[in-house]
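Asker: Quick one, work.txt (compact mmCIF, C-alpha atoms and all ligand atoms):
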```
# COMPACT_ATOMS: atom_id res chain seq x y z
CA MET F 192 220.41 310.24 -44.60
CA ILE F 193 217.50 311.07 -42.30
CA LYS F 194 214.05 310.95 -43.83
CA ILE F 195 210.82 311.82 -42.12
CA THR F 196 207.94 309.84 -43.52
CA LYS F 197 204.39 310.97 -42.95
CA PHE F 198 201.49 308.79 -44.04
CA GLY F 199 198.08 310.34 -44.57
CA GLY F 200 194.75 308.78 -43.65
CA SER F 201 194.15 306.80 -46.82
CA SER F 202 197.67 305.34 -46.58
CA VAL F 203 196.78 303.75 -43.24
CA ALA F 204 193.10 303.00 -43.83
CA THR F 205 193.32 299.19 -43.96
CA ALA F 206 195.63 296.27 -43.21
CA GLU F 207 196.51 296.21 -46.89
CA GLN F 208 197.58 299.84 -46.72
CA PHE F 209 199.64 299.06 -43.61
CA ARG F 210 201.49 296.43 -45.66
CA LYS F 211 202.31 299.00 -48.33
CA VAL F 212 203.61 301.34 -45.65
CA LYS F 213 205.85 298.62 -44.27
CA ALA F 214 207.23 297.85 -47.72
CA ILE F 215 208.05 301.54 -48.15
CA ILE F 216 209.74 301.79 -44.74
CA ASP F 217 211.69 298.57 -45.27
CA ALA F 218 212.91 299.70 -48.67
CA ASP F 219 215.07 302.47 -47.21
CA PRO F 220 217.10 302.35 -43.98
CA GLY F 221 216.82 306.17 -43.72
CA ARG F 222 213.10 305.87 -43.05
CA ASN F 223 212.95 305.50 -39.28
CA PHE F 224 210.76 308.38 -38.24
CA VAL F 225 207.15 307.83 -39.09
CA VAL F 226 204.16 310.10 -38.55
CA VAL F 227 200.67 308.78 -39.17
CA SER F 228 197.22 310.26 -39.56
CA ALA F 229 194.14 308.46 -38.28
CA ALA F 230 192.84 305.68 -40.54
CA GLY F 231 191.07 307.42 -43.41
CA LYS F 232 188.68 306.37 -46.12
CA ARG F 233 188.91 302.80 -47.44
CA PHE F 234 186.76 303.58 -50.47
CA ALA F 235 185.19 306.66 -52.02
CA ASP F 236 182.15 307.15 -49.79
CA ASP F 237 183.66 305.68 -46.65
CA ASN F 238 184.14 307.77 -43.49
CA LYS F 239 187.42 308.89 -42.01
CA VAL F 240 187.93 307.83 -38.41
CA THR F 241 188.53 311.50 -37.53
CA ASP F 242 185.14 312.47 -38.97
CA LEU F 243 183.45 309.67 -37.05
CA LEU F 244 185.03 310.86 -33.83
CA TYR F 245 183.88 314.42 -34.45
CA LEU F 246 180.44 312.98 -35.02
CA VAL F 247 180.66 311.12 -31.70
CA CYS F 248 181.30 314.47 -30.01
CA ALA F 249 178.33 316.06 -31.77
CA HIS F 250 176.12 313.20 -30.57
CA ARG F 251 177.36 313.67 -27.06
CA GLU F 252 176.60 317.36 -27.18
CA TYR F 253 172.98 316.68 -28.08
CA HIS F 254 172.71 313.73 -25.72
CA VAL F 255 172.28 311.22 -28.52
CA ASP F 256 173.68 307.76 -28.03
CA ALA F 257 176.91 307.29 -30.00
CA THR F 258 177.64 303.69 -29.12
CA ASP F 259 177.15 302.44 -32.69
CA LEU F 260 179.51 305.04 -34.07
CA LEU F 261 182.13 304.17 -31.50
CA ARG F 262 181.73 300.49 -32.36
CA ASP F 263 182.37 301.37 -36.02
CA VAL F 264 185.58 303.10 -35.05
CA GLU F 265 186.67 300.21 -32.87
CA GLU F 266 185.82 297.78 -35.65
CA ARG F 267 188.22 299.59 -37.99
CA PHE F 268 191.10 299.11 -35.58
CA LEU F 269 190.12 295.54 -34.68
CA ALA F 270 190.11 294.61 -38.36
CA ILE F 271 193.63 295.96 -38.91
CA ARG F 272 194.88 294.25 -35.76
CA GLY F 273 193.23 290.93 -36.71
CA GLU F 274 194.41 290.89 -40.30
CA LEU F 275 197.98 291.72 -39.41
CA GLY F 276 198.08 289.44 -36.35
CA LEU F 277 199.07 292.24 -33.99
CA ALA F 278 199.00 292.03 -30.20
CA PHE F 279 198.06 295.62 -29.32
CA PRO F 280 194.99 295.24 -27.04
CA VAL F 281 192.54 297.29 -29.11
CA ALA F 282 189.39 295.97 -27.36
CA GLU F 283 190.78 296.61 -23.90
CA LYS F 284 192.07 300.10 -24.71
CA PHE F 285 188.85 300.96 -26.45
CA ALA F 286 186.75 299.86 -23.48
CA GLU F 287 188.88 302.04 -21.28
CA PHE F 288 188.49 304.97 -23.68
CA MET F 289 184.71 304.52 -23.71
CA SER F 290 184.51 304.29 -19.95
CA HIS F 291 185.46 307.92 -19.47
CA ILE F 292 184.28 309.39 -22.76
CA GLU F 293 181.51 311.41 -21.08
CA SER F 294 184.04 313.55 -19.29
CA ASP F 295 186.70 313.78 -22.00
CA SER F 296 187.25 316.88 -24.09
CA GLU F 297 186.38 316.88 -27.78
CA GLU F 298 190.05 317.29 -28.61
CA TYR F 299 190.98 314.24 -26.58
CA ILE F 300 188.28 312.10 -28.19
CA VAL F 301 189.22 313.11 -31.73
CA SER F 302 192.94 312.61 -31.10
CA ARG F 303 192.33 308.93 -30.36
CA GLY F 304 192.07 308.29 -34.10
CA GLU F 305 195.76 309.00 -34.58
CA TRP F 306 196.63 307.42 -31.21
CA PHE F 307 195.18 304.00 -32.06
CA THR F 308 196.46 304.07 -35.63
CA ALA F 309 199.98 304.93 -34.49
CA HIS F 310 200.00 302.20 -31.84
CA LEU F 311 199.08 299.59 -34.44
CA MET F 312 201.58 300.95 -36.93
CA ALA F 313 204.39 301.05 -34.37
CA GLU F 314 203.93 297.42 -33.49
CA TYR F 315 203.64 296.40 -37.13
CA LEU F 316 206.82 298.22 -38.12
CA GLY F 317 208.69 297.08 -35.01
CA LEU F 318 209.36 300.66 -33.90
CA PRO F 319 208.53 302.24 -30.55
CA PHE F 320 205.33 304.30 -30.21
CA VAL F 321 205.87 307.84 -29.00
CA ASP F 322 202.83 309.75 -27.77
CA ALA F 323 202.49 313.16 -29.42
CA ALA F 324 201.11 314.44 -26.09
CA ASP F 325 204.62 314.08 -24.65
CA VAL F 326 206.33 315.74 -27.58
CA VAL F 327 204.24 318.25 -29.48
CA THR F 328 203.56 321.08 -27.06
CA PHE F 329 200.90 323.74 -27.24
CA HIS F 330 200.43 327.03 -25.48
CA HIS F 331 197.14 327.37 -23.65
CA ASP F 332 195.72 329.53 -26.42
CA GLY F 333 196.01 326.60 -28.81
CA THR F 334 199.07 327.80 -30.71
CA LEU F 335 202.11 325.58 -31.00
CA ASN F 336 205.00 325.99 -28.64
CA GLU F 337 207.58 325.33 -31.31
CA GLU F 338 210.67 325.76 -29.14
CA LEU F 339 209.55 323.26 -26.57
CA THR F 340 208.39 320.84 -29.24
CA ASP F 341 211.80 321.10 -30.86
CA GLU F 342 213.54 320.41 -27.56
CA HIS F 343 211.34 317.40 -26.84
CA ILE F 344 212.01 315.86 -30.21
CA LYS F 345 215.74 316.38 -29.94
CA ALA F 346 215.81 314.82 -26.47
CA LEU F 347 213.83 311.86 -27.74
CA VAL F 348 216.18 311.19 -30.57
CA ARG F 349 219.22 311.32 -28.31
CA ARG F 350 217.70 308.42 -26.41
CA GLY F 351 217.39 306.11 -29.38
CA THR F 352 216.59 305.95 -33.05
CA GLY F 353 213.32 305.67 -34.85
CA PHE F 354 209.71 305.77 -33.71
CA VAL F 355 206.13 306.15 -34.81
CA LEU F 356 204.45 309.38 -33.79
CA PRO F 357 200.73 310.14 -34.17
CA GLY F 358 200.14 313.36 -36.10
CA PHE F 359 197.57 316.11 -35.63
CA TYR F 360 197.63 316.50 -31.85
CA GLY F 361 199.79 317.40 -28.91
CA ALA F 362 199.22 318.71 -25.41
CA THR F 363 199.72 321.73 -23.21
CA ARG F 364 202.15 321.57 -20.31
CA ASP F 365 199.17 320.62 -18.13
CA ASP F 366 198.53 317.56 -20.29
CA GLU F 367 195.46 318.96 -21.92
CA ILE F 368 195.17 317.49 -25.43
CA LYS F 369 195.09 320.05 -28.25
CA LEU F 370 194.42 319.49 -31.93
CA MET F 371 195.88 321.21 -34.94
CA THR F 372 193.54 322.24 -37.74
CA ARG F 373 192.26 319.51 -40.07
CA GLY F 374 194.99 317.76 -42.01
CA GLY F 375 197.46 318.83 -39.32
CA GLY F 376 199.42 315.59 -39.42
CA ASP F 377 201.43 317.30 -42.17
CA ILE F 378 202.52 319.89 -39.63
CA THR F 379 203.64 317.23 -37.15
CA GLY F 380 205.84 315.73 -39.87
CA SER F 381 207.25 319.11 -40.65
CA LEU F 382 208.09 319.87 -37.01
CA LEU F 383 209.84 316.54 -36.76
CA ALA F 384 211.80 317.17 -39.92
CA ARG F 385 213.03 320.51 -38.66
CA ALA F 386 213.95 319.27 -35.18
CA LEU F 387 215.96 316.38 -36.61
CA ASN F 388 217.41 318.49 -39.37
CA ALA F 389 216.23 315.79 -41.77
CA ASP F 390 217.51 315.54 -45.31
CA LEU F 391 214.04 315.00 -46.69
CA TYR F 392 210.44 315.11 -45.55
CA GLU F 393 208.48 312.47 -47.43
CA ASN F 394 204.76 313.11 -47.36
CA TRP F 395 202.99 309.94 -48.50
CA THR F 396 199.46 310.41 -49.81
CA ASP F 397 197.21 308.80 -52.40
CA VAL F 398 198.20 310.96 -55.36
CA SER F 399 201.47 310.87 -57.27
CA GLY F 400 202.30 314.47 -56.51
CA PHE F 401 200.99 317.90 -57.12
CA LEU F 402 199.02 318.29 -60.34
CA SER F 403 199.55 321.26 -62.61
CA ALA F 404 195.79 321.83 -62.84
CA ASP F 405 192.56 320.54 -61.37
CA PRO F 406 191.84 317.12 -62.99
CA ARG F 407 188.12 317.86 -62.80
CA ILE F 408 188.68 320.71 -65.24
CA VAL F 409 191.66 319.63 -67.32
CA ASP F 410 191.98 316.15 -68.75
CA GLY F 411 194.96 314.28 -67.30
CA PRO F 412 196.98 317.27 -66.12
CA ARG F 413 200.65 316.67 -65.80
CA THR F 414 202.27 316.15 -62.43
CA ILE F 415 204.57 318.92 -61.27
CA ASP F 416 208.03 317.51 -60.90
CA ARG F 417 209.72 320.33 -58.97
CA ILE F 418 208.16 323.37 -57.37
CA THR F 419 209.31 326.10 -54.98
CA PHE F 420 207.64 326.83 -51.64
CA ASP F 421 206.52 330.21 -52.96
CA GLU F 422 204.90 328.68 -56.02
CA MET F 423 203.24 326.08 -53.86
CA ARG F 424 201.79 328.68 -51.57
CA GLU F 425 200.32 330.58 -54.48
CA LEU F 426 198.69 327.42 -55.81
CA SER F 427 197.47 326.22 -52.42
CA TYR F 428 196.02 329.60 -51.65
CA MET F 429 193.85 329.21 -54.72
CA GLY F 430 192.63 325.85 -53.58
CA ALA F 431 195.03 323.34 -55.14
CA SER F 432 196.18 321.45 -52.13
CA VAL F 433 197.64 318.14 -51.11
CA LEU F 434 199.52 319.50 -48.15
CA HIS F 435 198.45 321.51 -45.11
CA GLU F 436 199.37 325.14 -45.75
CA ASP F 437 201.15 325.56 -42.43
CA ALA F 438 203.29 322.49 -42.96
CA ILE F 439 205.72 324.32 -45.16
CA PHE F 440 206.91 326.91 -42.63
CA PRO F 441 209.08 324.76 -40.33
CA VAL F 442 210.85 322.91 -43.13
CA ARG F 443 211.21 325.97 -45.23
CA GLU F 444 213.15 327.75 -42.51
CA ALA F 445 215.46 324.77 -42.26
CA ASN F 446 215.79 324.38 -46.02
CA ILE F 447 214.48 320.81 -46.01
CA PRO F 448 212.73 319.65 -49.16
CA ILE F 449 209.31 318.00 -49.04
CA GLN F 450 208.48 315.22 -51.43
CA ILE F 451 204.86 314.33 -52.11
CA LEU F 452 204.65 310.61 -52.83
CA ASN F 453 201.99 308.00 -53.47
CA THR F 454 201.68 305.04 -51.10
CA ASN F 455 199.76 303.18 -53.81
CA ASP F 456 202.43 303.80 -56.42
CA PRO F 457 205.71 304.23 -54.55
CA SER F 458 207.90 304.23 -57.61
CA ALA F 459 206.26 307.33 -59.08
CA ARG F 460 208.56 310.33 -58.68
CA GLY F 461 206.01 312.60 -57.12
CA THR F 462 206.62 316.27 -56.55
CA THR F 463 209.58 317.80 -54.77
CA ILE F 464 209.02 321.14 -53.07
CA ARG F 465 212.04 323.19 -52.06
CA GLU F 466 213.12 326.74 -51.40
CA ARG F 467 214.97 327.19 -54.64
CA VAL F 468 214.81 325.02 -57.71
CA GLU F 469 217.79 324.93 -60.02
CA HIS F 470 216.90 326.17 -63.46
CA ARG F 471 216.83 323.62 -66.27
CA ALA F 472 216.51 324.38 -69.92
CA ASP F 473 213.47 322.14 -70.25
CA ASP F 474 211.63 323.72 -67.31
CA PRO F 475 208.06 324.69 -68.12
CA VAL F 476 207.18 328.40 -68.10
CA VAL F 477 204.05 327.72 -66.13
CA THR F 478 204.36 325.41 -63.15
CA GLY F 479 200.70 325.19 -62.32
CA ILE F 480 197.29 326.78 -62.62
CA ALA F 481 194.72 327.05 -59.86
CA GLY F 482 191.64 329.10 -59.36
CA LYS F 483 188.44 329.65 -57.49
CA ARG F 484 185.00 331.04 -58.03
CA GLY F 485 183.24 333.17 -55.47
CA PHE F 486 184.85 336.60 -55.58
CA LEU F 487 183.43 340.03 -56.20
CA SER F 488 184.97 343.39 -56.87
CA VAL F 489 183.94 346.75 -55.52
CA TYR F 490 184.74 349.31 -58.19
CA VAL F 491 185.30 352.91 -57.07
CA ASP F 492 185.61 355.79 -59.51
CA LYS F 493 186.32 359.42 -58.72
CA THR F 494 187.69 362.21 -60.83
CA HIS F 495 191.14 363.38 -59.71
CA LEU F 496 191.40 360.43 -57.40
CA SER F 497 195.07 360.11 -58.20
CA ASN F 498 195.75 363.54 -56.64
CA GLU F 499 194.05 362.75 -53.36
CA ILE F 500 196.21 361.39 -50.63
CA GLY F 501 195.10 358.59 -48.35
CA VAL F 502 192.16 357.38 -50.44
CA LEU F 503 193.23 353.75 -50.53
CA ARG F 504 193.98 353.75 -46.84
CA ARG F 505 190.51 355.04 -46.06
CA VAL F 506 188.83 352.47 -48.28
CA LEU F 507 190.91 349.66 -46.84
CA ALA F 508 189.96 350.85 -43.37
CA VAL F 509 186.30 350.35 -44.29
CA PHE F 510 186.97 346.72 -45.22
CA GLU F 511 189.02 346.29 -42.10
CA ARG F 512 186.18 347.57 -39.97
CA TYR F 513 183.98 344.78 -41.29
CA GLY F 514 186.69 342.17 -40.78
CA VAL F 515 187.07 341.51 -44.50
CA SER F 516 190.40 340.56 -45.94
CA VAL F 517 191.26 342.13 -49.28
CA GLU F 518 192.51 339.76 -51.98
CA HIS F 519 193.55 342.18 -54.72
CA LEU F 520 193.55 345.84 -55.42
CA PRO F 521 193.95 346.64 -59.09
CA THR F 522 194.25 350.40 -59.54
CA GLY F 523 193.73 352.83 -62.39
CA ILE F 524 194.32 356.56 -62.42
CA ASP F 525 190.91 357.70 -61.31
CA SER F 526 189.52 354.36 -60.22
CA PHE F 527 190.35 351.19 -58.46
CA SER F 528 188.70 347.91 -57.52
CA VAL F 529 188.82 346.00 -54.31
CA VAL F 530 188.55 342.26 -54.85
CA VAL F 531 187.24 340.21 -51.94
CA SER F 532 185.74 336.82 -51.32
CA ALA F 533 181.96 337.06 -51.81
CA ALA F 534 181.34 334.89 -48.76
CA ASP F 535 183.30 337.31 -46.58
CA VAL F 536 181.02 340.23 -47.41
CA LYS F 537 177.74 338.35 -47.62
CA THR F 538 176.10 340.32 -44.84
CA SER F 539 178.18 343.49 -44.94
CA ILE F 540 178.42 344.50 -48.59
CA TYR F 541 175.66 347.14 -48.43
CA SER F 542 177.18 348.73 -45.34
CA ILE F 543 180.61 348.68 -46.96
CA VAL F 544 179.34 350.47 -50.07
CA ARG F 545 177.49 353.00 -47.91
CA ASP F 546 180.59 353.71 -45.85
CA ILE F 547 182.76 354.12 -48.95
CA LYS F 548 180.24 356.62 -50.34
CA GLU F 549 180.15 358.55 -47.09
CA GLU F 550 183.88 358.71 -46.64
CA LEU F 551 185.03 359.25 -50.21
CA HIS F 552 182.13 360.88 -52.06
CA PRO F 553 183.11 359.02 -55.22
CA ASP F 554 181.45 359.51 -58.61
CA ASP F 555 180.55 355.87 -58.75
CA VAL F 556 180.72 352.71 -56.65
CA LYS F 557 179.73 349.43 -58.27
CA VAL F 558 179.71 345.90 -56.98
CA ASN F 559 180.55 343.36 -59.65
CA GLU F 560 179.63 339.89 -58.54
CA GLY F 561 180.39 336.49 -60.02
CA LEU F 562 184.12 336.85 -60.35
CA ALA F 563 186.46 333.87 -60.60
CA LEU F 564 190.18 334.27 -60.07
CA ILE F 565 192.78 332.15 -61.79
CA SER F 566 196.36 332.14 -60.63
CA VAL F 567 198.91 331.14 -63.22
CA VAL F 568 202.05 330.30 -61.33
CA GLY F 569 205.57 329.85 -62.61
CA ARG F 570 208.98 330.82 -61.29
CA ASN F 571 210.20 330.97 -64.87
CA MET F 572 207.61 333.42 -66.10
CA SER F 573 209.83 336.36 -65.25
CA ARG F 574 212.45 335.03 -67.67
CA ARG F 575 210.03 334.89 -70.55
CA PRO F 576 208.70 338.18 -71.81
CA GLY F 577 205.28 337.95 -73.39
CA THR F 578 203.74 335.49 -70.98
CA ALA F 579 200.93 337.83 -69.94
CA GLY F 580 200.38 338.81 -73.56
CA LYS F 581 200.08 335.21 -74.64
CA MET F 582 197.65 334.52 -71.85
CA LEU F 583 195.44 337.45 -72.76
CA SER F 584 195.37 336.54 -76.41
CA THR F 585 194.54 332.94 -75.59
CA LEU F 586 191.58 334.10 -73.55
CA GLY F 587 190.62 336.66 -76.18
CA GLU F 588 190.57 334.00 -78.88
CA GLY F 589 188.13 332.09 -76.73
CA ASP F 590 185.92 335.17 -76.47
CA ILE F 591 186.60 335.39 -72.78
CA ASN F 592 186.46 338.80 -71.20
CA VAL F 593 189.27 339.42 -68.72
CA ARG F 594 187.82 341.48 -65.88
CA MET F 595 191.07 342.05 -64.06
CA ILE F 596 194.71 341.13 -64.24
CA SER F 597 197.38 341.46 -61.64
CA GLN F 598 200.92 340.27 -61.22
CA SER F 599 202.62 339.58 -57.92
CA SER F 600 205.68 341.64 -57.21
CA GLN F 601 207.95 338.61 -57.27
CA GLU F 602 206.63 337.92 -60.76
CA ILE F 603 205.93 334.31 -59.96
CA ASN F 604 202.27 334.51 -60.77
CA ILE F 605 199.74 336.33 -62.85
CA ILE F 606 196.18 336.49 -61.63
CA VAL F 607 193.33 336.94 -64.02
CA GLY F 608 189.76 337.58 -63.05
CA VAL F 609 187.03 336.28 -65.35
CA ASP F 610 183.28 335.74 -65.11
CA GLU F 611 182.45 332.68 -63.09
CA ASP F 612 180.77 331.22 -66.19
CA ASP F 613 184.05 331.44 -68.07
CA PHE F 614 186.10 329.90 -65.28
CA GLU F 615 186.59 326.37 -66.53
CA ALA F 616 187.04 327.34 -70.17
CA SER F 617 189.70 329.86 -69.10
CA VAL F 618 191.64 327.33 -67.07
CA ARG F 619 191.56 324.89 -69.99
CA ARG F 620 192.68 327.53 -72.47
CA ILE F 621 195.57 328.67 -70.30
CA TYR F 622 196.57 325.08 -69.61
CA ASN F 623 196.53 324.19 -73.29
CA ALA F 624 198.51 327.24 -74.26
CA PHE F 625 201.23 326.91 -71.66
CA VAL F 626 201.43 323.41 -70.29
CA ARG F 627 199.96 321.09 -72.89
CA GLU F 628 201.89 322.82 -75.63
CA GLU F 629 205.17 321.85 -74.00
CA ASP F 630 204.37 318.17 -73.56
N1 LIG R 1 193.15 313.00 -39.06
C1 LIG R 1 193.15 314.42 -39.17
C2 LIG R 1 192.17 314.86 -40.24
O1 LIG R 1 191.47 314.04 -40.81
C3 LIG R 1 194.51 314.99 -39.38
C4 LIG R 1 195.28 314.48 -40.56
O2 LIG R 1 194.80 313.64 -41.30
O3 LIG R 1 196.41 314.95 -40.76
O4 LIG R 1 192.06 316.01 -40.50
```
I'd like the structure from this file rewritten - as structure tokens, please.
Answerer:
Amino acid sequence: MIKITKFGGSSVATAEQFRKVKAIIDADPGRNFVVVSAAGKRFADDNKVTDLLYLVCAHREYHVDATDLLRDVEERFLAIRGELGLAFPVAEKFAEFMSHIESDSEEYIVSRGEWFTAHLMAEYLGLPFVDAADVVTFHHDGTLNEELTDEHIKALVRRGTGFVLPGFYGATRDDEIKLMTRGGGDITGSLLARALNADLYENWTDVSGFLSADPRIVDGPRTIDRITFDEMRELSYMGASVLHEDAIFPVREANIPIQILNTNDPSARGTTIRERVEHRADDPVVTGIAGKRGFLSVYVDKTHLSNEIGVLRRVLAVFERYGVSVEHLPTGIDSFSVVVSAADVKTSIYSIVRDIKEELHPDDVKVNEGLALISVVGRNMSRRPGTAGKMLSTLGEGDINVRMISQSSQEINIIVGVDEDDFEASVRRIYNAFVREED
């Protein structure tokens, strides 16, 4: 059984966290491939090493001395080394790093967070350190060269078993360090899992899995036990995230499940994400609920619209011209609405409305601001008729006006649009009607 284990920043923030990681690795002989993030927050308002390093770069840009910040970063690694009695020469390597920092790229500087953390972890676990710069390969445009990365990993494994790999960065063929987007260590783990055809990708974080609703809105939401990749994407898209969005693609292709686990509570079952989840009689109808404020809809009304050909295409072309991505497009017979993120049209909304008027000569165009969207996700919804009805009546009973409703074609989610002021009450009502009721 091959397991890839990836530990996020808070799981490697202190010597104490390192000990928990070691206990987890030692508990299972299948756990030989370890990916780490840079040391993260030790307490709520602490700084992540990655953030400090970005800050170092900002100082450098404005010619402000960053020595104190760099000392803080070094201190973090020295403390872990000291407490765990490790030999890795942190002070020496850090002095060397600082000696050429003026000429290093931002990506190189930031990547050192994972580099130092992985060196310390490798020694502590008694596994070899493998530099991601030699393995994870990027094209010059900053996109991943997945084939070459795959080849490198496979070659590495043929030479021996087990290693610790820093997440989040890699290099071009000319040894120029490149970073993934924030939280990218999840992607490194996923690439490793696919290349090794792992049985499981364990993603260790500081939460016991994926919650079925935002705990800031719903009291003690239940943890999702099993979820499909599609469901997860729907929920992540709406802001519920414990995993980098792009991390699911490599493992998904290879049909490798991801398990979200908690370093601080390793016996909790966490959440398993896989392509297909076997149906069980006690499965909930709704897997999870997520939502966001900050949308608006552009309502267009024109008599005999339904007989005109190409209307939607022309309207979509207007949005395209302004570089705005369209979230939803609920249509009626003589009207339709285009739902977009309010931030995306902040400076262009008047021009968009003007262009729509010019091109379509509609009877009416209205911008309705203050829209919140809630995505109610569940692979089992399609099996249960009446789900949408129940949701609408629940909201109706709470005197909540539903401004739009739309269902994805796979029928794994229903999206409702409500006033931003009704957002939290709506989430709570839907949660209580579908999830709480089943507990
Ligand atoms: N250390 C990086 C970040 O803070 C990447 C990661 O944690 O995966 O975004």
Asker: Near Ser566 (chain F), counting all atoms listed in the file, which residues have an atom at most 6 Å away, once you skip same-chain residues fewer than 3 positions from it, shown as a PyMOL selection string?
Answerer: chain F and resi 480-482+605-606
Asker: How close does region 264-321 of chain F get to region 334-353 of chain F? List, as JSON lines, each residue of region 264-321 of chain F within 12 Å, its nearest atom pair and the distance in Å to one decimal, counting only C-alpha atoms.
Answerer:
```
{"residue": "F:Ala313", "atom": "CA", "partner": "F:Gly353", "partner_atom": "CA", "distance": 10.1}
{"residue": "F:Leu316", "atom": "CA", "partner": "F:Gly353", "partner_atom": "CA", "distance": 10.4}
{"residue": "F:Gly317", "atom": "CA", "partner": "F:Gly353", "partner_atom": "CA", "distance": 9.8}
{"residue": "F:Leu318", "atom": "CA", "partner": "F:Gly353", "partner_atom": "CA", "distance": 6.5}
{"residue": "F:Pro319", "atom": "CA", "partner": "F:Gly353", "partner_atom": "CA", "distance": 7.3}
{"residue": "F:Phe320", "atom": "CA", "partner": "F:Gly353", "partner_atom": "CA", "distance": 9.3}
{"residue": "F:Val321", "atom": "CA", "partner": "F:Leu347", "partner_atom": "CA", "distance": 9.0}
```
Asker: I'd like the neighbourhood of region 249-261 of chain F as a PyMOL selection string, where a residue qualifies if any of its atoms comes within 12 Å (using all atoms listed in the file), though same-chain residues fewer than 4 positions away should be ignored.
Answerer: chain F and resi 238-245+265-268+282+285-286+288-290+292-297+300-301+303-304
Asker: Between CA of Ala579 (chain F) and CA of Ser597 (chain F), what is the spacing in Å?
Answerer: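 Interatomic distance, CA of Ser597 (chain F) to CA of Ala579 (chain F): 9.7 Å.
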Asker: Select, from F:His330, F:His435, F:Lys213, F:His519, the residue with the minimum atom-to-atom distance to Leu487 (chain F), counting all atoms listed in the file.
Answerer: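 Under the stated criterion, the closest residue is F:His519.
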Asker: Around ligand LIG 1 (chain R), which protein and nucleic acid residues have at least one atom no more than 9 Å from it, if we count all atoms listed in the file? List them as a VMD selection string.
Answerer: chain F and resid 198 to 201 227 to 231 239 to 242 301 to 302 304 to 305 358 to 360 370 to 379 435
Asker: So the first atom is CA of Tyr299 (chain F) and the second is CA of Ser432 (chain F); what is the distance between them in Å, to one decimal place?
Answerer: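 Computed distance, CA of Tyr299 (chain F) to CA of Ser432 (chain F), equals 27.1 Å.
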Asker: Can you take the partial region 229-239 of chain F, add N, CA, C and O atoms, and return it as a CSV table (one decimal), in the coordinates of the input?
Answerer:
```
chain,number,residue,atom,x,y,z
F,229,ALA,N,195.1,309.5,-38.7
F,229,ALA,CA,194.1,308.5,-38.3
F,229,ALA,C,193.7,307.7,-39.5
F,229,ALA,O,193.7,308.3,-40.6
F,230,ALA,N,193.3,306.4,-39.4
F,230,ALA,CA,192.8,305.7,-40.5
F,230,ALA,C,191.8,306.5,-41.3
F,230,ALA,O,190.8,307.0,-40.7
F,231,GLY,N,192.0,306.6,-42.6
F,231,GLY,CA,191.1,307.4,-43.4
F,231,GLY,C,190.1,306.6,-44.2
F,231,GLY,O,189.7,305.5,-43.7
F,232,LYS,N,189.7,307.1,-45.3
F,232,LYS,CA,188.7,306.4,-46.1
F,232,LYS,C,189.2,305.1,-46.8
F,232,LYS,O,190.3,305.2,-47.4
F,233,ARG,N,188.5,304.0,-46.7
F,233,ARG,CA,188.9,302.8,-47.4
F,233,ARG,C,188.4,302.8,-48.9
F,233,ARG,O,188.9,302.1,-49.7
F,234,PHE,N,187.3,303.5,-49.1
F,234,PHE,CA,186.8,303.6,-50.5
F,234,PHE,C,186.1,304.9,-50.6
F,234,PHE,O,185.9,305.6,-49.5
F,235,ALA,N,185.6,305.3,-51.8
F,235,ALA,CA,185.2,306.7,-52.0
F,235,ALA,C,184.2,307.2,-51.0
F,235,ALA,O,184.4,308.3,-50.5
F,236,ASP,N,183.1,306.5,-50.7
F,236,ASP,CA,182.2,307.2,-49.8
F,236,ASP,C,182.2,306.6,-48.4
F,236,ASP,O,181.3,306.6,-47.6
F,237,ASP,N,183.4,306.1,-48.0
F,237,ASP,CA,183.7,305.7,-46.6
F,237,ASP,C,183.8,306.9,-45.7
F,237,ASP,O,183.9,308.0,-46.2
F,238,ASN,N,183.9,306.7,-44.4
F,238,ASN,CA,184.1,307.8,-43.5
F,238,ASN,C,185.6,307.7,-42.9
F,238,ASN,O,186.1,306.6,-42.7
F,239,LYS,N,186.1,308.8,-42.7
F,239,LYS,CA,187.4,308.9,-42.0
F,239,LYS,C,187.2,308.7,-40.5
F,239,LYS,O,186.2,309.2,-40.0
```
